[in-house]
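Student: Below are the structure tokens for one structure; questions will follow.
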Amino acid sequence: MHPHHHHSDHSEISGKNLFYVVVFNLVITLVEFVGGLVSGSMSLLSDAFHNLSDAMSITITYFAYKFSLKGPDEKKTFGYKRITILASLFNSVTLLVICIFLVKEAVERLINTHPIEVKTVFIIGGIGLLGNLLSLLFLKGAAKKDLNVKSAYLHILGDALSSIAVIIGALFIYFWGMVRIDPLISILIAVYIAKESLEVLLKSVNIIMQSTPTHVEPTKVVEELMKIQEIKDVHHVHLWSLDDKNHFFEGHVNLKSDLTVTQTMQVYQKIKDKLQKLGINHVTVQFEYNGCPGCEVVPKKAL
């Protein structure tokens with residue numbers, strides 16, 4: 001049994017503002033990349049890749065919203081939501097490879113120092129910080145209303161902090177000649193990007209593998225359902241996510257008595273209400289009466 005209601009996403013996402021933020025980040029990436037090559041600054045190059053990663057993340061946020069407007073069809077009965085998970089997986093793997101490269105280069109710079117044009121680093125770092133602050137202004141309003149945009153907002157905030165770190169590094173080199181602080185900042189930025197990317201990678205893999213959502217415990221789900229008076233037992237339970245917002249429950253519910261279809265609909269509504277409180281928003285139930293004796297809550301045999 002499954003409800004035939006479709007809930008549209010009313011999130012107020014400004015496509016125009018997101019577009020401007022992506023453009024800002026791509027411009028900052030290009031400026032910092034060229035500036036890093038010209039000045040010999042690893043921290044600028046690291047920050048360039050940091051901005052590139054966030055431009056990719058914001059692009060995904062925008063297209064996630066666009067794809068969410070496209071409903072299921074005969075070829076994609078679940079719709080197109082999971083394409084954002086595939087994109088996140090690709091982006092996170094790419095960024096992890098980039099981080100390995102950045103750390104390798106930074107370690108070499110720590111061992112064999114190179115001269116750095118501090119003024120160029122300072123100016124480019126300042127441009128990056130200004131661009132990030134403008135991006136924050138564009139996203140501030142929507143970030144209060146939409147979780148996806150809030151995630152993008154936090155990414156840009158991280159970029160702004162990275163730009164500040166680059167500027168501080170340039171000041172240390174200019175006043176105290178601490179050239180090795182540049183690759184050290186580069187390593188710190190790379191480690192931060194790697195941490196964020198690894199979290200996205202693991203989350204994406206879990207969703208693709210149809211793992212149980214991290215906020216849901218199968219035993220807790222069954223305990224809650226067993227509180228419903230009409231239910232004798234619950235078995236053959238499957239819990240998974242379509243994407244980071246849509247979480248599914250599928251299971252067999254054995255009833256204490258042979259209820260009518262109308263009565264089972266009432267039980268279904270009770271099940272749905274309890275599962276929604278646990279963060280599960282799509283529910284499919286197979287009702288049984290004296291069915292499947294001795295079945296396990298989570299089936300151990302492959303389907």
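Chain labels follow the order of the structure tokens: the first chain is A, the next B, and so on; residue numbering restarts at 1 in every chain, and ligands are counted from 1 in their shown order.
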With only C-alpha atoms as the counted atoms, please give the residues lying no more than 9 Å from Lys140 (chain A), apart from itself and same-chain residues fewer than 3 positions off, as number ranges by chain.
Tutor: A: 135-137, 143-144, 149-150, 153
Student: Counting only C-alpha atoms, what is within 12 Å of Arg180 (chain A), bar same-chain residues fewer than 5 positions away, as a list in words?
Tutor: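 The contact residues come out as Ser41, Met42, Ser43, Ala106, Val107, Glu108, Arg109, Leu110, Ile111, Asn112, Thr113, His114, Pro115, Ile116, Gly169, Ala170, Phe172, Ile173, Ile185, Ser186 and Ile187 of chain A.
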Student: The selected residues should be written to file as an mmCIF file, in the first residue's frame (atoms: N, CA and C atoms).
Tutor:
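Output file part_5.cif follows:
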```cif
data_model
loop_
_atom_site.group_PDB
_atom_site.id
_atom_site.type_symbol
_atom_site.label_atom_id
_atom_site.label_comp_id
_atom_site.auth_asym_id
_atom_site.auth_seq_id
_atom_site.Cartn_x
_atom_site.Cartn_y
_atom_site.Cartn_z
ATOM 1 N N SER A 41 52.556 30.903 -5.547
ATOM 2 C CA SER A 41 51.904 30.631 -4.259
ATOM 3 C C SER A 41 51.034 29.387 -4.326
ATOM 4 N N MET A 42 51.377 28.362 -3.511
ATOM 5 C CA MET A 42 50.570 27.150 -3.414
ATOM 6 C C MET A 42 49.245 27.434 -2.706
ATOM 7 N N SER A 43 49.246 28.353 -1.741
ATOM 8 C CA SER A 43 48.012 28.649 -1.016
ATOM 9 C C SER A 43 46.959 29.253 -1.943
ATOM 10 N N ALA A 106 52.708 20.846 -2.077
ATOM 11 C CA ALA A 106 53.000 21.670 -0.905
ATOM 12 C C ALA A 106 54.154 21.102 -0.083
ATOM 13 N N VAL A 107 54.189 19.776 0.048
ATOM 14 C CA VAL A 107 55.281 19.127 0.794
ATOM 15 C C VAL A 107 56.612 19.383 0.091
ATOM 16 N N GLU A 108 56.596 19.304 -1.237
ATOM 17 C CA GLU A 108 57.822 19.590 -1.999
ATOM 18 C C GLU A 108 58.266 21.035 -1.787
ATOM 19 N N ARG A 109 57.269 21.967 -1.704
ATOM 20 C CA ARG A 109 57.594 23.378 -1.458
ATOM 21 C C ARG A 109 58.135 23.593 -0.042
ATOM 22 N N LEU A 110 57.673 22.782 0.908
ATOM 23 C CA LEU A 110 58.200 22.879 2.271
ATOM 24 C C LEU A 110 59.669 22.470 2.317
ATOM 25 N N ILE A 111 60.009 21.437 1.536
ATOM 26 C CA ILE A 111 61.389 20.932 1.511
ATOM 27 C C ILE A 111 62.280 21.871 0.703
ATOM 28 N N ASN A 112 61.793 22.256 -0.498
ATOM 29 C CA ASN A 112 62.556 23.151 -1.369
ATOM 30 C C ASN A 112 61.759 24.443 -1.555
ATOM 31 N N THR A 113 62.088 25.462 -0.794
ATOM 32 C CA THR A 113 61.330 26.713 -0.845
ATOM 33 C C THR A 113 61.521 27.433 -2.174
ATOM 34 N N HIS A 114 60.465 28.156 -2.589
ATOM 35 C CA HIS A 114 60.499 28.942 -3.816
ATOM 36 C C HIS A 114 60.138 30.382 -3.479
ATOM 37 N N PRO A 115 60.696 31.341 -4.210
ATOM 38 C CA PRO A 115 60.333 32.740 -3.978
ATOM 39 C C PRO A 115 58.868 32.991 -4.337
ATOM 40 N N ILE A 116 58.216 33.857 -3.580
ATOM 41 C CA ILE A 116 56.800 34.153 -3.789
ATOM 42 C C ILE A 116 56.615 35.656 -3.939
ATOM 43 N N GLY A 169 48.685 34.777 5.408
ATOM 44 C CA GLY A 169 49.942 34.138 5.012
ATOM 45 C C GLY A 169 50.841 35.103 4.255
ATOM 46 N N ALA A 170 50.229 35.889 3.342
ATOM 47 C CA ALA A 170 50.999 36.864 2.566
ATOM 48 C C ALA A 170 51.623 37.917 3.481
ATOM 49 N N PHE A 172 52.486 37.493 6.649
ATOM 50 C CA PHE A 172 53.587 36.846 7.380
ATOM 51 C C PHE A 172 54.844 36.769 6.515
ATOM 52 N N ILE A 173 54.656 36.469 5.232
ATOM 53 C CA ILE A 173 55.810 36.378 4.327
ATOM 54 C C ILE A 173 56.420 37.774 4.119
ATOM 55 N N ILE A 185 49.679 26.669 4.640
ATOM 56 C CA ILE A 185 48.289 27.086 4.458
ATOM 57 C C ILE A 185 47.639 26.259 3.350
ATOM 58 N N SER A 186 48.414 25.985 2.301
ATOM 59 C CA SER A 186 47.922 25.151 1.207
ATOM 60 C C SER A 186 47.511 23.767 1.700
ATOM 61 N N ILE A 187 48.335 23.178 2.561
ATOM 62 C CA ILE A 187 48.024 21.854 3.122
ATOM 63 C C ILE A 187 46.756 21.913 3.973
#
```
Student: Pick out the residues sitting within 12 Å of Ala87 (chain A), and hand them over as a VMD selection string; count only C-alpha atoms, and ignore anything fewer than 4 positions along from it in its own chain.
Tutor: chain A and resid 56 to 61 63 to 64 81 to 83 91 to 94 200 to 201 204 to 205 208 243
Student: Give me the residues near Val237 (chain A) as a ChimeraX atom specification, where near means some atom within 9 Å (using only C-alpha atoms) and where sequence neighbours in that chain fewer than 6 positions away do not count.
Tutor: /A:218,222,249-252,296-299
Student: Which residues come within 8 Å of Phe138 (chain A), counting only C-alpha atoms, excluding same-chain residues fewer than 4 positions away, as JSON, numbers by chain?
Tutor: {"A": [17, 18, 20, 21, 134]}
Student: If we count only C-alpha atoms and set the cut-off at 9 Å, which residues sit around Ile193 (chain A), ignoring sequence neighbours fewer than 6 positions away in its own chain? Please answer as a ChimeraX atom specification.
Tutor: /A:49-50,53,95-96,99
Student: I need the residues of region 176-235 of chain A that end up classed as strand (DSSP E or B) by DSSP on the backbone, written out as a ChimeraX atom specification.
Tutor: /A:231-235
Student: What's around Leu45 (chain A) at 10 Å? Count only C-alpha atoms, leave out sequence neighbours fewer than 2 positions away in its own chain, and write the answer as a ChimeraX atom specification.
Tutor: /A:29-37,39-43,47-51,102,186
Student: Could you find all residues in region 20-226 of chain A that DSSP calls alpha helix (DSSP H) from the backbone, and write them as a ChimeraX atom specification?
Tutor: /A:20-39,42-68,83-111,118-143,147-176,181-208,218-225
Student: Could you check which of A:Lys277, A:Ser88, A:Gly294, A:Leu52 is closest to Leu198 (chain A), using only C-alpha atoms?
Tutor: A:Ser88
Student: Smallest atom-to-atom distance to Gly279 (chain A): which of A:Thr264, A:Thr120, A:Thr212, A:Asn246, using only C-alpha atoms?
Tutor: A:Asn246
Student: Would you compute the distance between CA of Phe78 (chain A) and CA of Gln276 (chain A)? Give it in Å to one decimal.
Tutor: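 It comes out at 19.5 Å.
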